[in-house]
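**Q** Sharing protein.txt below, compact mmCIF, C-alpha atoms:
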# COMPACT_ATOMS: atom_id res chain seq x y z
CA TYR A 291 -6.10 24.67 -9.97
CA TYR A 292 -9.09 22.41 -10.27
CA LEU A 293 -12.44 23.99 -9.59
CA ALA A 294 -13.35 23.34 -5.97
CA LYS A 295 -15.90 20.55 -5.67
CA ARG A 296 -17.54 19.36 -2.52
CA GLU A 297 -15.69 16.65 -0.70
CA GLU A 298 -17.92 14.33 1.26
CA LYS A 299 -17.54 12.19 4.36
CA ILE A 300 -19.14 8.97 3.15
CA VAL A 301 -18.30 6.79 6.19
CA ALA A 302 -18.55 8.26 9.67
CA GLU A 303 -17.28 5.28 11.70
CA PRO A 304 -13.69 4.19 12.44
CA ILE A 305 -12.48 1.87 9.67
CA VAL A 306 -9.54 -0.46 9.02
CA ASP A 307 -7.59 -0.98 5.77
CA PRO A 308 -9.86 0.40 3.07
CA ALA A 309 -8.96 -0.88 -0.40
CA LEU A 310 -10.38 -0.98 -3.92
CA ASP A 311 -12.09 -4.08 -5.27
CA ALA A 312 -11.76 -5.27 -8.87
CA GLY A 313 -14.51 -2.84 -9.91
CA GLY A 314 -12.87 0.21 -8.31
CA ARG A 315 -15.27 0.36 -5.34
CA VAL A 316 -13.97 0.89 -1.82
CA GLN A 317 -14.30 -1.91 0.73
CA TYR A 318 -13.35 -1.71 4.40
CA TYR A 319 -13.78 -3.12 7.91
CA ASN A 320 -15.95 -1.16 10.36
CA LYS A 321 -14.42 -1.23 13.86
CA ASN A 322 -17.69 -0.23 15.55
CA ASP A 323 -19.85 -3.16 14.45
CA GLY A 324 -17.18 -5.65 13.33
CA LYS A 325 -18.58 -6.01 9.81
CA PHE A 326 -17.18 -5.58 6.31
CA TYR A 327 -18.68 -3.09 3.85
CA ARG A 328 -18.39 -2.01 0.24
CA VAL A 329 -19.28 1.47 -1.01
CA GLY A 330 -21.78 1.21 -3.88
CA THR A 331 -22.00 3.42 -6.96
CA ASP A 332 -24.50 5.60 -5.09
CA GLY A 333 -21.90 6.31 -2.39
CA ARG A 334 -23.67 4.22 0.24
CA ALA A 335 -22.03 1.47 2.25
CA VAL A 336 -23.50 -2.03 1.87
CA GLU A 337 -22.69 -5.01 4.10
CA MET A 338 -20.50 -7.61 2.39
CA SER A 339 -21.56 -10.24 4.91
CA ASP A 340 -23.71 -10.42 8.02
CA THR A 341 -20.88 -12.21 9.83
CA VAL A 342 -19.31 -10.22 12.67
CA PHE A 343 -15.52 -10.24 13.20
CA TYR A 344 -14.46 -8.71 16.51
CA GLY A 345 -11.23 -6.75 16.98
CA VAL A 346 -9.67 -7.08 13.53
CA SER A 347 -6.27 -5.35 13.27
CA ASN A 348 -5.42 -5.79 9.57
CA VAL A 349 -7.19 -6.77 6.35
CA ASN A 350 -5.45 -8.00 3.20
CA TRP A 351 -7.88 -7.88 0.28
CA SER A 352 -7.88 -10.06 -2.80
CA PRO A 353 -7.61 -7.84 -5.90
CA THR A 354 -9.90 -10.12 -7.91
CA ASN A 355 -12.13 -12.19 -5.61
CA ASN A 356 -14.54 -11.53 -2.77
CA GLU A 357 -12.12 -12.78 -0.12
CA SER A 358 -9.49 -11.54 2.28
CA ILE A 359 -6.89 -12.52 4.86
CA ILE A 360 -7.96 -11.13 8.22
CA GLU A 361 -5.41 -10.56 11.01
CA TYR A 362 -5.97 -10.13 14.75
CA PRO A 363 -3.83 -8.40 17.42
CA ASP A 364 -2.87 -11.73 19.02
CA GLY A 365 -1.35 -12.95 15.73
CA ALA A 366 -4.29 -15.11 14.67
CA ASN A 367 -5.00 -15.13 10.91
CA ILE A 368 -8.00 -16.34 8.94
CA TYR A 369 -8.91 -16.62 5.29
CA TYR A 370 -12.52 -15.59 4.59
CA ASN A 371 -14.59 -15.86 1.42
CA PHE A 372 -17.53 -13.43 1.54
CA ASP A 373 -19.55 -15.20 -1.16
CA ALA A 374 -19.34 -18.69 0.32
CA LYS A 375 -19.09 -17.45 3.95
CA LYS A 376 -16.14 -19.82 4.21
CA GLN A 377 -13.54 -19.36 6.95
CA ILE A 378 -10.17 -21.12 7.22
CA THR A 379 -7.61 -20.64 9.98
CA LEU A 380 -4.08 -19.86 8.76
CA PRO A 381 -0.86 -20.42 10.73
CA LYS A 382 -0.28 -17.91 13.51
CA HIS A 383 3.40 -17.49 12.61
CA TRP A 384 2.51 -16.13 9.15
CA GLN A 385 2.51 -12.35 8.72
CA ASP A 386 2.80 -9.52 6.15
CA PHE A 387 0.45 -11.03 3.56
CA SER A 388 0.24 -9.92 -0.08
CA PHE A 389 -2.09 -11.28 -2.78
CA SER A 390 -0.95 -11.93 -6.34
CA SER A 391 -2.65 -9.76 -8.96
CA LEU A 392 -4.68 -12.78 -10.10
CA GLY A 393 -5.80 -13.50 -6.55
CA ASP A 394 -4.76 -17.16 -6.87
CA LYS A 395 -1.77 -16.98 -4.50
CA ILE A 396 -0.56 -15.18 -1.40
CA ALA A 397 2.97 -14.42 -0.30
CA ALA A 398 3.79 -14.09 3.39
CA LYS A 399 6.58 -14.28 5.92
CA SER A 400 6.64 -17.49 7.94
CA ILE A 401 8.38 -16.41 11.14
CA GLY A 402 9.58 -19.35 13.23
CA LEU A 403 11.16 -18.91 16.66
CA SER A 404 14.69 -19.59 15.40
CA PRO A 405 16.23 -17.66 12.46
CA GLU A 406 16.69 -20.84 10.39
CA ASN A 407 12.90 -21.33 10.46
CA ARG A 408 12.03 -17.94 8.95
CA TRP A 409 11.03 -17.98 5.29
CA LEU A 410 9.35 -15.99 2.56
CA THR A 411 6.59 -18.33 1.38
CA ILE A 412 3.92 -18.67 -1.30
CA SER A 413 0.66 -20.61 -0.98
CA ASP A 414 -2.88 -20.45 -2.24
CA PRO A 415 -5.11 -18.02 -0.28
CA GLN A 416 -6.45 -20.87 1.86
CA GLY A 417 -2.94 -21.71 3.06
CA LYS A 418 -2.44 -24.87 0.98
CA ASN A 419 0.28 -25.78 -1.56
CA ILE A 420 3.01 -23.97 0.37
CA THR A 421 6.35 -23.19 -1.27
CA ALA A 422 9.34 -21.83 0.66
CA VAL A 423 10.83 -19.20 -1.66
CA GLU A 424 13.67 -17.54 0.24
CA ALA A 425 15.29 -17.97 3.66
CA LEU A 426 14.89 -14.81 5.75
CA GLY A 427 17.15 -15.68 8.68
CA GLU A 428 17.90 -12.53 10.69
CA ASN A 429 16.77 -10.25 7.82
CA ALA A 430 12.97 -10.60 8.00
CA ASP A 431 12.58 -6.95 8.99
CA LYS A 432 14.51 -5.86 5.87
CA VAL A 433 12.11 -7.64 3.50
CA THR A 434 8.76 -6.14 2.42
CA VAL A 435 6.19 -8.51 0.91
CA ASN A 436 4.62 -6.61 -2.00
CA TRP A 437 3.46 -8.67 -4.98
CA SER A 438 3.88 -6.76 -8.24
CA PRO A 439 0.87 -6.46 -10.59
CA ASN A 440 2.77 -8.22 -13.40
CA ASN A 441 3.57 -11.14 -11.01
CA GLN A 442 7.33 -10.90 -11.60
CA ILE A 443 8.20 -9.84 -8.04
CA ILE A 444 6.81 -10.87 -4.67
CA ALA A 445 9.00 -8.85 -2.30
CA THR A 446 11.67 -6.15 -2.01
CA SER A 447 14.71 -6.58 0.21
CA LEU A 448 17.14 -4.06 1.72
CA THR A 449 19.91 -6.65 1.99
CA GLY A 450 21.90 -5.45 -1.04
CA ASP A 451 25.41 -4.01 -1.34
CA LYS A 452 26.43 -2.47 1.99
CA SER A 453 29.41 -0.51 0.57
CA LEU A 454 27.38 2.25 -1.07
CA GLY A 455 27.63 4.70 1.84
CA ALA A 456 25.24 6.20 4.37
CA ASP A 457 22.88 7.79 1.85
CA ARG A 458 22.58 5.07 -0.81
CA GLN A 459 21.03 1.60 -0.77
CA GLU A 460 20.69 -1.32 -3.13
CA VAL A 461 17.13 -2.69 -3.22
CA LEU A 462 16.87 -6.33 -4.30
CA PHE A 463 13.81 -7.85 -5.96
CA ILE A 464 12.68 -11.36 -5.06
CA GLY A 465 10.75 -13.45 -7.58
CA GLN A 466 8.76 -16.65 -7.16
CA HIS A 467 11.44 -18.97 -8.58
CA LYS A 468 14.78 -17.71 -7.22
CA GLU A 469 15.38 -15.72 -10.41
CA ASN A 470 18.46 -13.50 -10.62
CA LEU A 471 16.51 -10.24 -10.99
CA LYS A 472 18.09 -6.84 -11.57
CA SER A 473 18.24 -4.54 -8.52
CA ILE A 474 17.89 -0.78 -8.14
CA ILE A 475 20.00 1.79 -6.31
CA VAL A 476 18.13 4.39 -4.25
CA GLU A 477 19.56 7.69 -3.03
CA GLY A 478 18.62 7.53 0.63
CA ARG A 479 17.28 5.51 3.56
CA GLY A 480 13.79 4.72 4.82
CA PHE A 481 12.83 3.09 1.51
CA GLU A 482 9.10 2.41 1.08
CA SER A 483 7.35 1.85 -2.23
CA GLN A 484 4.28 0.98 -4.25
CA TRP A 485 3.80 -0.47 -7.72
CA SER A 486 2.24 1.27 -10.70
CA PRO A 487 -1.01 -0.44 -11.85
CA GLN A 488 0.74 -2.61 -14.47
CA GLY A 489 3.84 -3.20 -12.35
CA ASN A 490 6.23 -1.55 -14.81
CA LYS A 491 7.31 1.21 -12.42
CA LEU A 492 7.99 1.65 -8.74
CA LEU A 493 7.10 4.82 -6.86
CA TYR A 494 9.23 5.13 -3.74
CA SER A 495 10.29 7.55 -1.04
CA VAL A 496 13.64 7.85 0.76
CA TYR A 497 15.32 10.45 2.96
CA SER A 498 18.93 11.59 3.18
CA ALA A 499 21.16 14.38 4.45
CA ARG A 500 20.71 16.00 1.03
CA SER A 501 16.94 16.39 1.69
CA SER A 502 17.43 17.49 5.35
CA PHE A 503 16.15 13.99 6.18
CA LYS A 504 12.73 14.77 4.72
CA PRO A 505 11.13 12.10 2.48
CA GLU A 506 11.67 12.55 -1.26
CA LEU A 507 9.50 10.96 -3.92
CA TRP A 508 11.11 9.08 -6.83
CA LEU A 509 9.95 6.95 -9.76
CA VAL A 510 11.94 4.20 -11.49
CA ASN A 511 11.37 1.49 -14.09
CA ALA A 512 11.17 -1.85 -12.29
CA SER A 513 10.25 -4.52 -14.82
CA GLY A 514 12.54 -6.97 -16.60
CA GLU A 515 15.63 -5.64 -18.34
CA SER A 516 14.53 -2.00 -17.96
CA THR A 517 14.74 -2.28 -14.15
CA GLY A 518 16.68 0.65 -12.72
CA THR A 519 16.37 2.86 -15.81
CA GLY A 520 14.38 6.06 -16.10
CA ARG A 521 14.93 7.00 -12.48
CA LYS A 522 13.61 10.46 -11.70
CA MET A 523 12.93 12.61 -8.66
CA LEU A 524 9.39 14.00 -8.62
CA ASN A 525 10.42 17.06 -6.56
CA LEU A 526 7.89 16.46 -3.81
CA ASN A 527 8.61 15.86 -0.13
CA THR A 528 6.17 13.16 0.92
CA TRP A 529 5.91 9.43 1.51
CA SER A 530 4.95 6.93 -1.19
CA ASN A 531 2.16 5.55 1.04
CA LYS A 532 0.44 8.94 0.75
CA CYS A 533 0.09 8.46 -3.03
CA ALA A 534 -2.21 6.60 -5.42
CA PHE A 535 -1.77 5.82 -9.11
CA ALA A 536 -4.57 6.71 -11.50
CA ASP A 537 -2.77 4.85 -14.31
CA GLU A 538 0.83 4.23 -15.43
CA ARG A 539 1.35 7.95 -16.10
CA PHE A 540 -0.59 9.94 -13.51
CA VAL A 541 -0.28 9.70 -9.74
CA PHE A 542 -2.04 11.61 -6.96
CA CYS A 543 -0.09 12.45 -3.80
CA ALA A 544 -0.86 14.14 -0.49
CA VAL A 545 1.96 16.58 0.28
CA GLN A 546 2.43 18.39 3.57
CA THR A 547 2.32 22.19 3.43
CA GLU A 548 5.52 22.17 5.49
CA LEU A 549 7.83 19.45 6.81
CA ASN A 550 10.34 19.59 9.65
CA THR A 551 13.93 18.47 9.27
CA GLY A 552 14.16 14.79 10.25
CA SER A 553 10.56 13.92 9.41
CA GLY A 554 11.81 11.13 7.11
CA PHE A 555 12.83 8.99 10.07
CA ALA A 556 10.24 10.53 12.43
CA PRO A 557 6.98 10.67 10.37
CA GLY A 558 5.01 11.58 13.49
CA LEU A 559 6.40 15.12 13.16
CA ALA A 560 3.89 15.60 10.30
CA ASP A 561 0.84 14.17 12.07
CA ASN A 562 -0.78 17.59 12.46
CA THR A 563 0.44 19.25 9.26
CA GLU A 564 -2.14 20.05 6.61
CA ASP A 565 -1.86 18.21 3.29
CA VAL A 566 -2.34 19.46 -0.24
CA ILE A 567 -3.20 16.91 -2.97
CA TYR A 568 -1.37 17.09 -6.28
CA LYS A 569 -2.03 15.29 -9.54
CA ILE A 570 1.39 14.58 -11.04
CA ASP A 571 2.11 13.84 -14.68
CA THR A 572 5.15 11.59 -14.24
CA GLU A 573 6.18 12.04 -17.87
CA THR A 574 6.27 15.85 -17.93
CA GLY A 575 6.62 16.57 -14.20
CA ILE A 576 3.65 18.95 -14.32
CA LYS A 577 1.74 19.13 -11.03
CA SER A 578 -1.88 20.29 -10.58
CA GLU A 579 -3.29 21.06 -7.15
CA LEU A 580 -6.68 19.76 -6.01
CA ALA A 581 -8.43 22.26 -3.78
CA LEU A 582 -9.91 20.35 -0.85
CA ASP A 583 -12.64 22.09 1.12
CA GLU A 584 -11.44 21.23 4.63
CA TYR A 585 -8.22 20.87 6.63
CA HIS A 586 -6.89 17.30 6.26
CA VAL A 587 -3.88 15.29 7.36
CA ILE A 588 -4.19 12.45 4.88
CA SER A 589 -3.09 8.93 5.78
CA SER A 590 -4.06 7.05 2.58
CA LEU A 591 -5.42 7.74 -0.92
CA TYR A 592 -7.35 5.59 -3.43
CA ILE A 593 -8.48 6.37 -6.99
CA GLY A 594 -11.74 4.50 -7.61
CA ASP A 595 -14.80 4.42 -9.88
CA ASN A 596 -12.69 4.21 -13.05
CA GLY A 597 -10.74 7.33 -12.15
CA LYS A 598 -13.79 9.41 -11.27
CA THR A 599 -13.41 9.52 -7.48
CA LEU A 600 -10.56 10.10 -5.05
CA TYR A 601 -11.12 8.41 -1.69
CA PHE A 602 -8.99 9.22 1.35
CA THR A 603 -8.60 8.70 5.08
CA ASP A 604 -7.45 11.32 7.59
CA LYS A 605 -4.98 10.69 10.42
CA ASN A 606 -6.97 12.83 12.85
CA GLN A 607 -10.55 12.13 11.74
CA ILE A 608 -12.38 8.82 11.64
CA GLY A 609 -14.12 7.54 8.54
CA LEU A 610 -13.70 7.76 4.78
CA PHE A 611 -13.88 10.81 2.51
CA SER A 612 -14.60 11.08 -1.21
CA PHE A 613 -13.70 13.80 -3.69
CA PRO A 614 -14.92 13.83 -7.30
CA LEU A 615 -12.23 14.12 -9.97
Now that the file is in, can you turn its structure into structure tokens?

**A**
Amino acid sequence: YYLAKREEKIVAEPIVDPALDAGGRVQYYNKNDGKFYRVGTDGRAVEMSDTVFYGVSNVNWSPTNNESIIEYPDGANIYYNFDAKKQITLPKHWQDFSFSSLGDKIAAKSIGLSPENRWLTISDPQGKNITAVEALGENADKVTVNWSPNNQIIATSLTGDKSLGADRQEVLFIGQHKENLKSIIVEGRGFESQWSPQGNKLLYSVYSARSSFKPELWLVNASGESTGTGRKMLNLNTWSNKCAFADERFVFCAVQTELNTGSGFAPGLADNTEDVIYKIDTETGIKSELALDEYHVISSLYIGDNGKTLYFTDKNQIGLFSFPL
């Protein structure tokens, strides 16, 4: 066990889509006043701009630059640069944005009314220089836009081999240039994933009859010729979106103290179940528990300040919490 240290609620207002900037500081949208903030090294929130944005539903942050793609409930999308205070309207039929690791491009789904007008696209963040990468047709909901840190992959697709049975799936990787990339086989359904910081590995969760339909956490190599090798189960029942990488080796995950059968396809069953945070050494499998001070049902985790601070949000409490590592 780690020695208990005081966790702190550093933001007390409802927030949307917190994320780390290039310097490891947390930035977020405040629903109460419609402004964007960044948490400074002193733990205090500072306005990123005096511009007010009302009713934002999603924020997609550039990993390198002071800019973001801002989405609204009615489908409207805008690009905004906080330094230049520059705003550009993006097409309303674009959705599911993801920045490249260099911040020079975005990938998105362009969803036309008819299936033949639905594409996975790439453009610059301001919506110019558009390239249609892959036709989505009727399969848009099976494709997840998720640009890898090494820029090899822009999306994952669950449109692979259908003959693998009820509890196995082939996950295809989509590159920028129609490359014939290697795929991976996953032992379950409900696939969701996140990249390691360098993009060499993929952390993912799936559920199956074998796990009583609870989510299981796995790790696999997912870069170049090594794709699909080194697959290992981490022996934790949780979702990949409740985890955060510290580096290529160590990952922190929020794990429910108990999970009901079927929670893999009905995550809401865990909405009131207390979480424990583990630091996992993915090479040795050793897990260390972090002793939080309060009862939390964690919705998202972030490792910031060069690995010194764990930030998290709670499903049942507003705001943002910090915990020193």

**Q** Here's a test: counting all atoms listed in the file, identify every protein, DNA and RNA residue with an atom at most 12 Å from (-20.8, -11.2, 9.2) in the file's coordinate frame, and state them as a list in words.

**A** Tyr319, Asn320, Asp323, Gly324, Lys325, Phe326, Tyr327, Glu337, Met338, Ser339, Asp340, Thr341, Val342, Phe343, Tyr344, Tyr370, Asn371, Phe372, Asp373, Ala374, Lys375, Lys376 and Gln377 of chain A

**Q** Suppose you want the space between CA of Gln416 in chain A and CA of Gln466 in chain A; what is it in Å?

**A** 18.2 Å

**Q** Using all atoms listed in the file, find the one residue out of A:Gly558, A:Gly478, A:Gly520, A:Gly393 that sits nearest to Leu448 in chain A.

**A**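 For Leu448 in chain A, the nearest of the given residues is A:Gly478.
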
**Q** Considering only C-alpha atoms, can you say which of A:Gly314, A:Gly552, A:Pro405, A:Gly450 comes closest to Leu600 in chain A?

**A**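 For Leu600 in chain A, the nearest of the given residues is A:Gly314.
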
**Q** Work out how far apart CA of Val541 in chain A and CA of Gln317 in chain A are and give it in Å to one decimal.

**A**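 So the answer is 21.0 Å.
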
**Q** Find, counting all atoms listed in the file, the residue in A:Ile396, A:Leu610, A:Val433, A:Val336 that gets nearest to Ser358 in chain A.

**A**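 The answer is A:Ile396, which sits nearest to Ser358 in chain A.
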
**Q** Measuring between all atoms listed in the file, which one of A:Asn419, A:Gln484, A:Asn470, A:Ser391 shows the shortest distance to Asn441 in chain A?

**A**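 Smallest distance to Asn441 in chain A is found for A:Ser391.
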
**Q** Fewer than 2 positions away in the same chain doesn't count, so skip those; otherwise give me all residues within 7 Å of range 562-572 of chain A, counting only C-alpha atoms, as a list in words.

**A**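 These residues fall inside the cut-off: Arg539, Phe540, Val541, Phe542, Cys543, Ala544, Val545, Gln546, Thr547, Glu548, Ala560, Thr574, Gly575, Ile576, Lys577, Ser578, Glu579, Leu580, Tyr585, His586, Val587 and Ile588 of chain A.
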
**Q** Suppose you want the space between CA of Ala430 in chain A and CA of Glu357 in chain A; what is it in Å?

**A** 26.5 Å

**Q** Find the residues with any atom within 8 Å of (-10.9, 2.7, 8.2); use only C-alpha atoms and the coordinates as given in the file, and write the answer as a short mmCIF file (atom, residue, chain, number, x, y, z; two decimals) with C-alpha atoms, in the coordinates of the input.

**A**
data_model
loop_
_atom_site.label_atom_id
_atom_site.label_comp_id
_atom_site.auth_asym_id
_atom_site.auth_seq_id
_atom_site.Cartn_x
_atom_site.Cartn_y
_atom_site.Cartn_z
CA GLU A 303 -17.28 5.28 11.70
CA PRO A 304 -13.69 4.19 12.44
CA ILE A 305 -12.48 1.87 9.67
CA VAL A 306 -9.54 -0.46 9.02
CA ASP A 307 -7.59 -0.98 5.77
CA PRO A 308 -9.86 0.40 3.07
CA TYR A 318 -13.35 -1.71 4.40
CA TYR A 319 -13.78 -3.12 7.91
CA ASN A 320 -15.95 -1.16 10.36
CA LYS A 321 -14.42 -1.23 13.86
CA THR A 603 -8.60 8.70 5.08
CA ILE A 608 -12.38 8.82 11.64
CA GLY A 609 -14.12 7.54 8.54
CA LEU A 610 -13.70 7.76 4.78
#

**Q** Tell me which of A:Ser590, A:Gln488, A:Ser502, A:Ser513 sits closest to Ile443 in chain A, counting only C-alpha atoms.

**A**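 So, comparing all the options, the nearest one is A:Ser513.
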
**Q** Fewer than 2 positions away in the same chain doesn't count, so skip those; otherwise give me all residues within 12 Å of range 457-463 of chain A, counting all atoms listed in the file, as JSON, numbers by chain.

**A** {"A": [424, 432, 433, 434, 435, 436, 437, 438, 441, 442, 443, 444, 445, 446, 447, 448, 449, 450, 451, 452, 453, 454, 455, 465, 466, 467, 468, 469, 470, 471, 472, 473, 474, 475, 476, 477, 478, 479, 480, 481, 482, 483, 492, 494, 496, 497, 498, 499, 500, 501, 502, 503, 510, 512, 513, 514, 517, 518]}

**Q** Could you check the closest approach to Val346 in chain A for each of A:Gly313, A:Gly365, A:Pro557, A:Gly402 and tell me which residue wins, using only C-alpha atoms?

**A**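 That would be A:Gly365, the residue with the smallest distance to Val346 in chain A.
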
**Q** Please provide as a list in words all residues within 12 Å of Asp595 in chain A, with the sequence filter that same-chain residues fewer than 6 positions apart are discarded (counting only C-alpha atoms).

**A**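 Result of the neighbour search: Leu310, Asp311, Ala312, Gly313, Gly314, Arg315, Val316, Val329, Gly330, Thr331, Asp332, Gly333, Ala536, Tyr601, Ser612, Phe613, Pro614 and Leu615 of chain A.
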
**Q** Would you compute an axis-aligned box for range 350-365 of chain A, covering every atom listed for it in the file with 4 Å of margin on each side, and report centre and edge lengths in Å to one decimal as lines of an AutoDock Vina configuration file?

**A**
center_x = -7.9
center_y = -10.4
center_z = 5.6
size_x = 21.2
size_y = 13.1
size_z = 34.9

**Q** What's around Leu392 in chain A at 10 Å? Count all atoms listed in the file, leave out sequence neighbours fewer than 6 positions away in its own chain, and write the answer as a list in words.

**A**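 These residues fall inside the cut-off: Ser352, Pro353, Thr354, Asn355, Pro439, Asn440 and Asn441 of chain A.
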
**Q** With C-alpha atoms retained, export the selected residues as an mmCIF file, in the coordinates of the input.

**A**
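part09.cif, freshly written:
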data_model
loop_
_atom_site.group_PDB
_atom_site.id
_atom_site.type_symbol
_atom_site.label_atom_id
_atom_site.label_comp_id
_atom_site.auth_asym_id
_atom_site.auth_seq_id
_atom_site.Cartn_x
_atom_site.Cartn_y
_atom_site.Cartn_z
ATOM 1 C CA SER A 352 -7.880 -10.060 -2.800
ATOM 2 C CA PRO A 353 -7.610 -7.840 -5.900
ATOM 3 C CA THR A 354 -9.900 -10.120 -7.910
ATOM 4 C CA ASN A 355 -12.130 -12.190 -5.610
ATOM 5 C CA PRO A 439 0.870 -6.460 -10.590
ATOM 6 C CA ASN A 440 2.770 -8.220 -13.400
ATOM 7 C CA ASN A 441 3.570 -11.140 -11.010
#

**Q** Please rebuild range 523-534 of chain A with N, CA and C atoms and return the result as an mmCIF file, in the coordinates of the input.

**A**
data_model
loop_
_atom_site.group_PDB
_atom_site.id
_atom_site.type_symbol
_atom_site.label_atom_id
_atom_site.label_comp_id
_atom_site.auth_asym_id
_atom_site.auth_seq_id
_atom_site.Cartn_x
_atom_site.Cartn_y
_atom_site.Cartn_z
ATOM 1 N N MET A 523 13.491 12.024 -9.874
ATOM 2 C CA MET A 523 12.930 12.610 -8.660
ATOM 3 C C MET A 523 11.704 13.418 -9.060
ATOM 4 N N LEU A 524 10.621 13.299 -8.287
ATOM 5 C CA LEU A 524 9.390 14.000 -8.620
ATOM 6 C C LEU A 524 9.285 15.371 -7.939
ATOM 7 N N ASN A 525 10.340 15.737 -7.204
ATOM 8 C CA ASN A 525 10.420 17.060 -6.560
ATOM 9 C C ASN A 525 9.250 17.336 -5.627
ATOM 10 N N LEU A 526 8.908 16.316 -4.857
ATOM 11 C CA LEU A 526 7.890 16.460 -3.810
ATOM 12 C C LEU A 526 8.410 15.780 -2.545
ATOM 13 N N ASN A 527 8.223 16.439 -1.412
ATOM 14 C CA ASN A 527 8.610 15.860 -0.130
ATOM 15 C C ASN A 527 7.399 15.212 0.528
ATOM 16 N N THR A 528 7.246 13.917 0.287
ATOM 17 C CA THR A 528 6.170 13.160 0.920
ATOM 18 C C THR A 528 6.515 11.681 0.860
ATOM 19 N N TRP A 529 5.682 10.870 1.473
ATOM 20 C CA TRP A 529 5.910 9.430 1.510
ATOM 21 C C TRP A 529 5.108 8.729 0.408
ATOM 22 N N SER A 530 5.638 7.632 -0.105
ATOM 23 C CA SER A 530 4.950 6.930 -1.190
ATOM 24 C C SER A 530 3.596 6.369 -0.737
ATOM 25 N N ASN A 531 3.446 6.095 0.579
ATOM 26 C CA ASN A 531 2.160 5.550 1.040
ATOM 27 C C ASN A 531 1.072 6.625 1.135
ATOM 28 N N LYS A 532 1.440 7.871 0.817
ATOM 29 C CA LYS A 532 0.440 8.940 0.750
ATOM 30 C C LYS A 532 0.099 9.260 -0.708
ATOM 31 N N CYS A 533 0.336 8.287 -1.597
ATOM 32 C CA CYS A 533 0.090 8.460 -3.030
ATOM 33 C C CYS A 533 -0.797 7.349 -3.570
ATOM 34 N N ALA A 534 -1.393 7.604 -4.738
ATOM 35 C CA ALA A 534 -2.210 6.600 -5.420
ATOM 36 C C ALA A 534 -2.090 6.807 -6.928
#
